[in-house]
>>> print(open('upload38.tsv').read())   # TSV, N, CA and C atoms
chain	number	residue	atom	x	y	z
A	1	MET	N	0.84	-1.18	0.00
A	1	MET	CA	0.00	0.00	0.00
A	1	MET	C	0.88	1.24	0.00
A	2	GLU	N	0.61	2.13	-0.93
A	2	GLU	CA	1.39	3.36	-1.03
A	2	GLU	C	0.63	4.51	-0.36
A	3	ILE	N	1.34	5.27	0.45
A	3	ILE	CA	0.75	6.43	1.12
A	3	ILE	C	1.19	7.68	0.36
A	4	ARG	N	0.21	8.49	-0.06
A	4	ARG	CA	0.52	9.71	-0.80
A	4	ARG	C	-0.08	10.90	-0.06
A	5	PRO	N	0.73	11.93	0.14
A	5	PRO	CA	0.21	13.11	0.83
A	5	PRO	C	-0.77	13.88	-0.06
A	6	ASP	N	-1.69	14.54	0.55
A	6	ASP	CA	-2.64	15.40	-0.17
A	6	ASP	C	-1.95	16.74	-0.39
A	7	THR	N	-1.47	16.96	-1.59
A	7	THR	CA	-0.68	18.13	-1.92
A	7	THR	C	-1.43	19.42	-1.63
A	8	GLN	N	-2.68	19.48	-2.00
A	8	GLN	CA	-3.47	20.70	-1.79
A	8	GLN	C	-3.60	21.03	-0.31
A	9	LYS	N	-3.81	20.02	0.51
A	9	LYS	CA	-3.94	20.26	1.95
A	9	LYS	C	-2.62	20.72	2.55
A	10	LEU	N	-1.52	20.15	2.09
A	10	LEU	CA	-0.21	20.58	2.58
A	10	LEU	C	0.08	22.03	2.20
A	11	LEU	N	-0.25	22.40	0.98
A	11	LEU	CA	-0.03	23.78	0.55
A	11	LEU	C	-0.93	24.74	1.32
A	12	GLU	N	-2.17	24.33	1.57
A	12	GLU	CA	-3.07	25.16	2.36
A	12	GLU	C	-2.52	25.33	3.77
A	13	LEU	N	-2.05	24.25	4.36
A	13	LEU	CA	-1.46	24.31	5.70
A	13	LEU	C	-0.26	25.25	5.72
A	14	ALA	N	0.59	25.18	4.71
A	14	ALA	CA	1.80	26.01	4.65
A	14	ALA	C	1.47	27.49	4.58
A	15	HIS	N	0.34	27.84	3.99
A	15	HIS	CA	-0.02	29.25	3.79
A	15	HIS	C	-1.10	29.75	4.76
A	16	TYR	N	-1.56	28.91	5.65
A	16	TYR	CA	-2.66	29.28	6.55
A	16	TYR	C	-2.15	30.21	7.64
A	17	LYS	N	-2.90	31.28	7.89
A	17	LYS	CA	-2.51	32.26	8.91
A	17	LYS	C	-3.52	32.25	10.06
A	18	MET	N	-3.02	32.59	11.22
A	18	MET	CA	-3.85	32.68	12.41
A	18	MET	C	-4.79	33.87	12.26
A	19	PRO	N	-6.11	33.65	12.37
A	19	PRO	CA	-7.06	34.73	12.11
A	19	PRO	C	-7.39	35.62	13.31
A	20	PHE	N	-6.89	35.30	14.49
A	20	PHE	CA	-7.25	36.09	15.67
A	20	PHE	C	-6.17	35.98	16.74
A	21	GLY	N	-6.32	36.80	17.77
A	21	GLY	CA	-5.47	36.71	18.95
A	21	GLY	C	-4.11	37.35	18.81
A	22	LYS	N	-3.27	37.02	19.76
A	22	LYS	CA	-1.92	37.57	19.86
A	22	LYS	C	-1.11	37.34	18.59
A	23	TYR	N	-1.33	36.22	17.92
A	23	TYR	CA	-0.55	35.86	16.74
A	23	TYR	C	-1.33	36.06	15.43
A	24	LYS	N	-2.34	36.91	15.47
A	24	LYS	CA	-3.14	37.18	14.28
A	24	LYS	C	-2.24	37.57	13.11
A	25	GLY	N	-2.44	36.92	11.97
A	25	GLY	CA	-1.66	37.21	10.77
A	25	GLY	C	-0.39	36.39	10.64
A	26	SER	N	-0.04	35.63	11.67
A	26	SER	CA	1.16	34.78	11.62
A	26	SER	C	0.82	33.45	10.95
A	27	TYR	N	1.77	32.94	10.17
A	27	TYR	CA	1.58	31.60	9.62
A	27	TYR	C	1.54	30.60	10.77
A	28	LEU	N	0.74	29.57	10.63
A	28	LEU	CA	0.63	28.57	11.70
A	28	LEU	C	1.97	27.95	12.03
A	29	VAL	N	2.83	27.78	11.03
A	29	VAL	CA	4.14	27.18	11.28
A	29	VAL	C	5.00	28.07	12.17
A	30	ASP	N	4.68	29.36	12.23
A	30	ASP	CA	5.44	30.29	13.05
A	30	ASP	C	4.91	30.42	14.47
A	31	LEU	N	3.80	29.77	14.77
A	31	LEU	CA	3.26	29.80	16.12
A	31	LEU	C	4.17	29.01	17.06
A	32	PRO	N	4.37	29.52	18.28
A	32	PRO	CA	5.18	28.76	19.24
A	32	PRO	C	4.52	27.42	19.57
A	33	LEU	N	5.34	26.43	19.78
A	33	LEU	CA	4.85	25.10	20.14
A	33	LEU	C	3.98	25.17	21.39
A	34	ALA	N	4.41	25.96	22.37
A	34	ALA	CA	3.66	26.07	23.63
A	34	ALA	C	2.24	26.60	23.39
A	35	TYR	N	2.08	27.48	22.43
A	35	TYR	CA	0.76	28.03	22.09
A	35	TYR	C	-0.14	26.93	21.54
A	36	LEU	N	0.41	26.09	20.67
A	36	LEU	CA	-0.37	24.98	20.11
A	36	LEU	C	-0.71	23.95	21.18
A	37	VAL	N	0.22	23.69	22.07
A	37	VAL	CA	-0.02	22.75	23.17
A	37	VAL	C	-1.13	23.29	24.07
A	38	TRP	N	-1.10	24.60	24.34
A	38	TRP	CA	-2.14	25.22	25.16
A	38	TRP	C	-3.52	25.01	24.52
A	39	PHE	N	-3.60	25.23	23.20
A	39	PHE	CA	-4.87	25.02	22.51
A	39	PHE	C	-5.29	23.56	22.60
A	40	LYS	N	-4.34	22.65	22.52
A	40	LYS	CA	-4.68	21.23	22.63
A	40	LYS	C	-5.33	20.95	23.99
A	41	GLN	N	-4.77	21.55	25.03
A	41	GLN	CA	-5.29	21.34	26.38
A	41	GLN	C	-6.66	21.99	26.57
A	42	LYS	N	-6.84	23.17	25.97
A	42	LYS	CA	-8.10	23.92	26.14
A	42	LYS	C	-9.16	23.55	25.12
A	43	GLY	N	-8.71	22.99	24.00
A	43	GLY	CA	-9.62	22.64	22.92
A	43	GLY	C	-9.35	23.49	21.69
A	44	PHE	N	-9.05	22.84	20.60
A	44	PHE	CA	-8.80	23.55	19.35
A	44	PHE	C	-10.11	24.16	18.85
A	45	PRO	N	-10.02	25.26	18.11
A	45	PRO	CA	-11.24	25.81	17.49
A	45	PRO	C	-11.87	24.78	16.55
A	46	SER	N	-13.14	24.93	16.30
A	46	SER	CA	-13.79	24.01	15.38
A	46	SER	C	-13.44	24.38	13.94
A	47	GLY	N	-13.70	23.47	13.05
A	47	GLY	CA	-13.51	23.73	11.63
A	47	GLY	C	-12.08	23.59	11.15
A	48	LYS	N	-11.83	24.23	10.02
A	48	LYS	CA	-10.56	24.11	9.32
A	48	LYS	C	-9.38	24.62	10.16
A	49	LEU	N	-9.60	25.74	10.89
A	49	LEU	CA	-8.52	26.28	11.71
A	49	LEU	C	-8.07	25.25	12.75
A	50	GLY	N	-9.02	24.66	13.43
A	50	GLY	CA	-8.68	23.66	14.45
A	50	GLY	C	-7.96	22.46	13.86
A	51	GLU	N	-8.42	22.01	12.70
A	51	GLU	CA	-7.76	20.88	12.03
A	51	GLU	C	-6.31	21.24	11.68
A	52	HIS	N	-6.13	22.44	11.13
A	52	HIS	CA	-4.78	22.87	10.76
A	52	HIS	C	-3.88	23.05	11.98
A	53	MET	N	-4.44	23.58	13.05
A	53	MET	CA	-3.64	23.76	14.27
A	53	MET	C	-3.23	22.40	14.85
A	54	ARG	N	-4.14	21.46	14.82
A	54	ARG	CA	-3.84	20.11	15.32
A	54	ARG	C	-2.74	19.46	14.46
A	55	THR	N	-2.85	19.61	13.15
A	55	THR	CA	-1.84	19.08	12.25
A	55	THR	C	-0.50	19.77	12.47
A	56	MET	N	-0.53	21.09	12.65
A	56	MET	CA	0.71	21.83	12.86
A	56	MET	C	1.38	21.42	14.16
A	57	LEU	N	0.61	21.11	15.17
A	57	LEU	CA	1.20	20.61	16.42
A	57	LEU	C	1.95	19.31	16.15
A	58	ASP	N	1.38	18.44	15.37
A	58	ASP	CA	2.05	17.19	15.01
A	58	ASP	C	3.31	17.46	14.19
A	59	VAL	N	3.19	18.37	13.23
A	59	VAL	CA	4.34	18.73	12.37
A	59	VAL	C	5.48	19.25	13.23
A	60	LYS	N	5.18	20.18	14.12
A	60	LYS	CA	6.23	20.78	14.97
A	60	LYS	C	6.80	19.74	15.93
A	61	SER	N	5.94	18.91	16.49
A	61	SER	CA	6.40	17.89	17.44
A	61	SER	C	7.33	16.88	16.76
A	62	ASP	N	7.11	16.65	15.47
A	62	ASP	CA	7.94	15.70	14.72
A	62	ASP	C	9.13	16.36	14.03
A	63	GLY	N	9.30	17.67	14.25
A	63	GLY	CA	10.44	18.37	13.66
A	63	GLY	C	10.34	18.57	12.15
A	64	LEU	N	9.14	18.66	11.62
A	64	LEU	CA	8.95	18.77	10.18
A	64	LEU	C	8.67	20.20	9.70
A	65	GLU	N	8.94	21.18	10.56
A	65	GLU	CA	8.72	22.57	10.19
A	65	GLU	C	9.45	22.97	8.90
A	66	PRO	N	10.70	22.53	8.70
A	66	PRO	CA	11.39	22.92	7.46
A	66	PRO	C	10.65	22.51	6.20
A	67	LEU	N	9.96	21.39	6.24
A	67	LEU	CA	9.17	20.95	5.09
A	67	LEU	C	8.06	21.95	4.77
A	68	ILE	N	7.35	22.40	5.78
A	68	ILE	CA	6.26	23.35	5.60
A	68	ILE	C	6.80	24.69	5.11
A	69	ARG	N	7.91	25.13	5.68
A	69	ARG	CA	8.51	26.40	5.25
A	69	ARG	C	8.98	26.31	3.79
A	70	LYS	N	9.51	25.17	3.42
A	70	LYS	CA	9.97	24.98	2.04
A	70	LYS	C	8.80	25.01	1.07
A	71	LEU	N	7.71	24.37	1.43
A	71	LEU	CA	6.52	24.39	0.58
A	71	LEU	C	6.02	25.82	0.39
A	72	ARG	N	6.00	26.60	1.46
A	72	ARG	CA	5.51	27.98	1.36
A	72	ARG	C	6.42	28.81	0.46
A	73	LYS	N	7.71	28.56	0.56
A	73	LYS	CA	8.68	29.32	-0.24
A	73	LYS	C	8.63	28.90	-1.72
A	74	GLU	N	8.56	27.62	-1.99
A	74	GLU	CA	8.61	27.12	-3.35
A	74	GLU	C	7.28	27.23	-4.09
A	75	PHE	N	6.18	27.35	-3.35
A	75	PHE	CA	4.86	27.45	-3.96
A	75	PHE	C	4.12	28.67	-3.36
A	76	PRO	N	4.61	29.88	-3.67
A	76	PRO	CA	3.96	31.08	-3.10
A	76	PRO	C	2.56	31.28	-3.67
A	77	LEU	N	1.73	31.92	-2.89
A	77	LEU	CA	0.40	32.28	-3.36
A	77	LEU	C	0.52	33.53	-4.22
A	78	ASP	N	-0.22	33.54	-5.30
A	78	ASP	CA	-0.17	34.72	-6.18
A	78	ASP	C	-1.17	35.76	-5.78
>>> encode(input="upload38.tsv", output="structure tokens")
Amino acid sequence: MEIRPDTQKLLELAHYKMPFGKYKGSYLVDLPLAYLVWFKQKGFPSGKLGEHMRTMLDVKSDGLEPLIRKLRKEFPLD
């Protein structure tokens, strides 16, 4: 069985910005790990933002931030 990443979802994750709060306008990959952990403890927002924050927590915990940064750099939004 071959596992293939969903390219569109990865690109969306790479370009997704925090819509509110102290880090409003920051890319999710730039959020501090402690901030994402706090949201995990308190409850992620519902919808797409919460899903992306949960995924970003996994990405950061696994040390895969450079991959997300590379995607954002190599595939900029027009």
>>> atom_distance(input="upload38.tsv", atom1="atom C of A:Asp6", atom2="atom N of A:Ala34")
25.4 Å
>>> residues_around(input="upload38.tsv", residues="A:Tyr27", least_positions_apart="5", cutoff="8 Å", atoms="only C-alpha atoms", output="PyMOL selection string")
chain A and resi 14-18
>>> atom_distance(input="upload38.tsv", atom1="atom CA of A:Gln41", atom2="atom CA of A:Val29")
18.7 Å
>>> atom_distance(input="upload38.tsv", atom1="atom C of A:Leu28", atom2="atom CA of A:Met56")
6.3 Å
>>> residues_around(input="upload38.tsv", residues="A:Leu33", least_positions_apart="2", cutoff="8 Å", atoms="only N, CA and C atoms", output="list in words")
Val29, Asp30, Leu31, Tyr35, Leu36, Val37, Trp38, Phe39, Met56, Leu57, Lys60 and Ser61 of chain A
>>> write_last_selection(input="upload38.tsv", atoms="N, CA and C atoms", output="PDB file, in the coordinates of the input")
ATOM      1  N   VAL A  29       2.830  27.780  11.030  1.00  0.00           N
ATOM      2  CA  VAL A  29       4.140  27.180  11.280  1.00  0.00           C
ATOM      3  C   VAL A  29       5.000  28.070  12.170  1.00  0.00           C
ATOM      4  N   ASP A  30       4.680  29.360  12.230  1.00  0.00           N
ATOM      5  CA  ASP A  30       5.440  30.290  13.050  1.00  0.00           C
ATOM      6  C   ASP A  30       4.910  30.420  14.470  1.00  0.00           C
ATOM      7  N   LEU A  31       3.800  29.770  14.770  1.00  0.00           N
ATOM      8  CA  LEU A  31       3.260  29.800  16.120  1.00  0.00           C
ATOM      9  C   LEU A  31       4.170  29.010  17.060  1.00  0.00           C
ATOM     10  N   TYR A  35       2.080  27.480  22.430  1.00  0.00           N
ATOM     11  CA  TYR A  35       0.760  28.030  22.090  1.00  0.00           C
ATOM     12  C   TYR A  35      -0.140  26.930  21.540  1.00  0.00           C
ATOM     13  N   LEU A  36       0.410  26.090  20.670  1.00  0.00           N
ATOM     14  CA  LEU A  36      -0.370  24.980  20.110  1.00  0.00           C
ATOM     15  C   LEU A  36      -0.710  23.950  21.180  1.00  0.00           C
ATOM     16  N   VAL A  37       0.220  23.690  22.070  1.00  0.00           N
ATOM     17  CA  VAL A  37      -0.020  22.750  23.170  1.00  0.00           C
ATOM     18  C   VAL A  37      -1.130  23.290  24.070  1.00  0.00           C
ATOM     19  N   TRP A  38      -1.100  24.600  24.340  1.00  0.00           N
ATOM     20  CA  TRP A  38      -2.140  25.220  25.160  1.00  0.00           C
ATOM     21  C   TRP A  38      -3.520  25.010  24.520  1.00  0.00           C
ATOM     22  N   PHE A  39      -3.600  25.230  23.200  1.00  0.00           N
ATOM     23  CA  PHE A  39      -4.870  25.020  22.510  1.00  0.00           C
ATOM     24  C   PHE A  39      -5.290  23.560  22.600  1.00  0.00           C
ATOM     25  N   MET A  56      -0.530  21.090  12.650  1.00  0.00           N
ATOM     26  CA  MET A  56       0.710  21.830  12.860  1.00  0.00           C
ATOM     27  C   MET A  56       1.380  21.420  14.160  1.00  0.00           C
ATOM     28  N   LEU A  57       0.610  21.110  15.170  1.00  0.00           N
ATOM     29  CA  LEU A  57       1.200  20.610  16.420  1.00  0.00           C
ATOM     30  C   LEU A  57       1.950  19.310  16.150  1.00  0.00           C
ATOM     31  N   LYS A  60       5.180  20.180  14.120  1.00  0.00           N
ATOM     32  CA  LYS A  60       6.230  20.780  14.970  1.00  0.00           C
ATOM     33  C   LYS A  60       6.800  19.740  15.930  1.00  0.00           C
ATOM     34  N   SER A  61       5.940  18.910  16.490  1.00  0.00           N
ATOM     35  CA  SER A  61       6.400  17.890  17.440  1.00  0.00           C
ATOM     36  C   SER A  61       7.330  16.880  16.760  1.00  0.00           C
TER      37      SER A  61
END
>>> decode(input="upload38.tsv", residues="stretch 11-50 of chain A", atoms="N, CA and C atoms", output="tab-separated table (two decimals), in the first residue's frame")
chain	number	residue	atom	x	y	z
A	11	LEU	N	-0.25	22.40	0.98
A	11	LEU	CA	-0.03	23.78	0.55
A	11	LEU	C	-0.93	24.74	1.32
A	12	GLU	N	-2.17	24.33	1.57
A	12	GLU	CA	-3.07	25.16	2.36
A	12	GLU	C	-2.52	25.33	3.77
A	13	LEU	N	-2.05	24.25	4.36
A	13	LEU	CA	-1.46	24.31	5.70
A	13	LEU	C	-0.26	25.25	5.72
A	14	ALA	N	0.59	25.18	4.71
A	14	ALA	CA	1.80	26.01	4.65
A	14	ALA	C	1.47	27.49	4.58
A	15	HIS	N	0.34	27.84	3.99
A	15	HIS	CA	-0.02	29.25	3.79
A	15	HIS	C	-1.10	29.75	4.76
A	16	TYR	N	-1.56	28.91	5.65
A	16	TYR	CA	-2.66	29.28	6.55
A	16	TYR	C	-2.15	30.21	7.64
A	17	LYS	N	-2.90	31.28	7.89
A	17	LYS	CA	-2.51	32.26	8.91
A	17	LYS	C	-3.52	32.25	10.06
A	18	MET	N	-3.02	32.59	11.22
A	18	MET	CA	-3.85	32.68	12.41
A	18	MET	C	-4.79	33.87	12.26
A	19	PRO	N	-6.11	33.65	12.37
A	19	PRO	CA	-7.06	34.73	12.11
A	19	PRO	C	-7.39	35.62	13.31
A	20	PHE	N	-6.89	35.30	14.49
A	20	PHE	CA	-7.25	36.09	15.67
A	20	PHE	C	-6.17	35.98	16.74
A	21	GLY	N	-6.32	36.80	17.77
A	21	GLY	CA	-5.47	36.71	18.95
A	21	GLY	C	-4.11	37.35	18.81
A	22	LYS	N	-3.27	37.02	19.76
A	22	LYS	CA	-1.92	37.57	19.86
A	22	LYS	C	-1.11	37.34	18.59
A	23	TYR	N	-1.33	36.22	17.92
A	23	TYR	CA	-0.55	35.86	16.74
A	23	TYR	C	-1.33	36.06	15.43
A	24	LYS	N	-2.34	36.91	15.47
A	24	LYS	CA	-3.14	37.18	14.28
A	24	LYS	C	-2.24	37.57	13.11
A	25	GLY	N	-2.44	36.92	11.97
A	25	GLY	CA	-1.66	37.21	10.77
A	25	GLY	C	-0.39	36.39	10.64
A	26	SER	N	-0.04	35.63	11.67
A	26	SER	CA	1.16	34.78	11.62
A	26	SER	C	0.82	33.45	10.95
A	27	TYR	N	1.77	32.94	10.17
A	27	TYR	CA	1.58	31.60	9.62
A	27	TYR	C	1.54	30.60	10.77
A	28	LEU	N	0.74	29.57	10.63
A	28	LEU	CA	0.63	28.57	11.70
A	28	LEU	C	1.97	27.95	12.03
A	29	VAL	N	2.83	27.78	11.03
A	29	VAL	CA	4.14	27.18	11.28
A	29	VAL	C	5.00	28.07	12.17
A	30	ASP	N	4.68	29.36	12.23
A	30	ASP	CA	5.44	30.29	13.05
A	30	ASP	C	4.91	30.42	14.47
A	31	LEU	N	3.80	29.77	14.77
A	31	LEU	CA	3.26	29.80	16.12
A	31	LEU	C	4.17	29.01	17.06
A	32	PRO	N	4.37	29.52	18.28
A	32	PRO	CA	5.18	28.76	19.24
A	32	PRO	C	4.52	27.42	19.57
A	33	LEU	N	5.34	26.43	19.78
A	33	LEU	CA	4.85	25.10	20.14
A	33	LEU	C	3.98	25.17	21.39
A	34	ALA	N	4.41	25.96	22.37
A	34	ALA	CA	3.66	26.07	23.63
A	34	ALA	C	2.24	26.60	23.39
A	35	TYR	N	2.08	27.48	22.43
A	35	TYR	CA	0.76	28.03	22.09
A	35	TYR	C	-0.14	26.93	21.54
A	36	LEU	N	0.41	26.09	20.67
A	36	LEU	CA	-0.37	24.98	20.11
A	36	LEU	C	-0.71	23.95	21.18
A	37	VAL	N	0.22	23.69	22.07
A	37	VAL	CA	-0.02	22.75	23.17
A	37	VAL	C	-1.13	23.29	24.07
A	38	TRP	N	-1.10	24.60	24.34
A	38	TRP	CA	-2.14	25.22	25.16
A	38	TRP	C	-3.52	25.01	24.52
A	39	PHE	N	-3.60	25.23	23.20
A	39	PHE	CA	-4.87	25.02	22.51
A	39	PHE	C	-5.29	23.56	22.60
A	40	LYS	N	-4.34	22.65	22.52
A	40	LYS	CA	-4.68	21.23	22.63
A	40	LYS	C	-5.33	20.95	23.99
A	41	GLN	N	-4.77	21.55	25.03
A	41	GLN	CA	-5.29	21.34	26.38
A	41	GLN	C	-6.66	21.99	26.57
A	42	LYS	N	-6.84	23.17	25.97
A	42	LYS	CA	-8.10	23.92	26.14
A	42	LYS	C	-9.16	23.55	25.12
A	43	GLY	N	-8.71	22.99	24.00
A	43	GLY	CA	-9.62	22.64	22.92
A	43	GLY	C	-9.35	23.49	21.69
A	44	PHE	N	-9.05	22.84	20.60
A	44	PHE	CA	-8.80	23.55	19.35
A	44	PHE	C	-10.11	24.16	18.85
A	45	PRO	N	-10.02	25.26	18.11
A	45	PRO	CA	-11.24	25.81	17.49
A	45	PRO	C	-11.87	24.78	16.55
A	46	SER	N	-13.14	24.93	16.30
A	46	SER	CA	-13.79	24.01	15.38
A	46	SER	C	-13.44	24.38	13.94
A	47	GLY	N	-13.70	23.47	13.05
A	47	GLY	CA	-13.51	23.73	11.63
A	47	GLY	C	-12.08	23.59	11.15
A	48	LYS	N	-11.83	24.23	10.02
A	48	LYS	CA	-10.56	24.11	9.32
A	48	LYS	C	-9.38	24.62	10.16
A	49	LEU	N	-9.60	25.74	10.89
A	49	LEU	CA	-8.52	26.28	11.71
A	49	LEU	C	-8.07	25.25	12.75
A	50	GLY	N	-9.02	24.66	13.43
A	50	GLY	CA	-8.68	23.66	14.45
A	50	GLY	C	-7.96	22.46	13.86
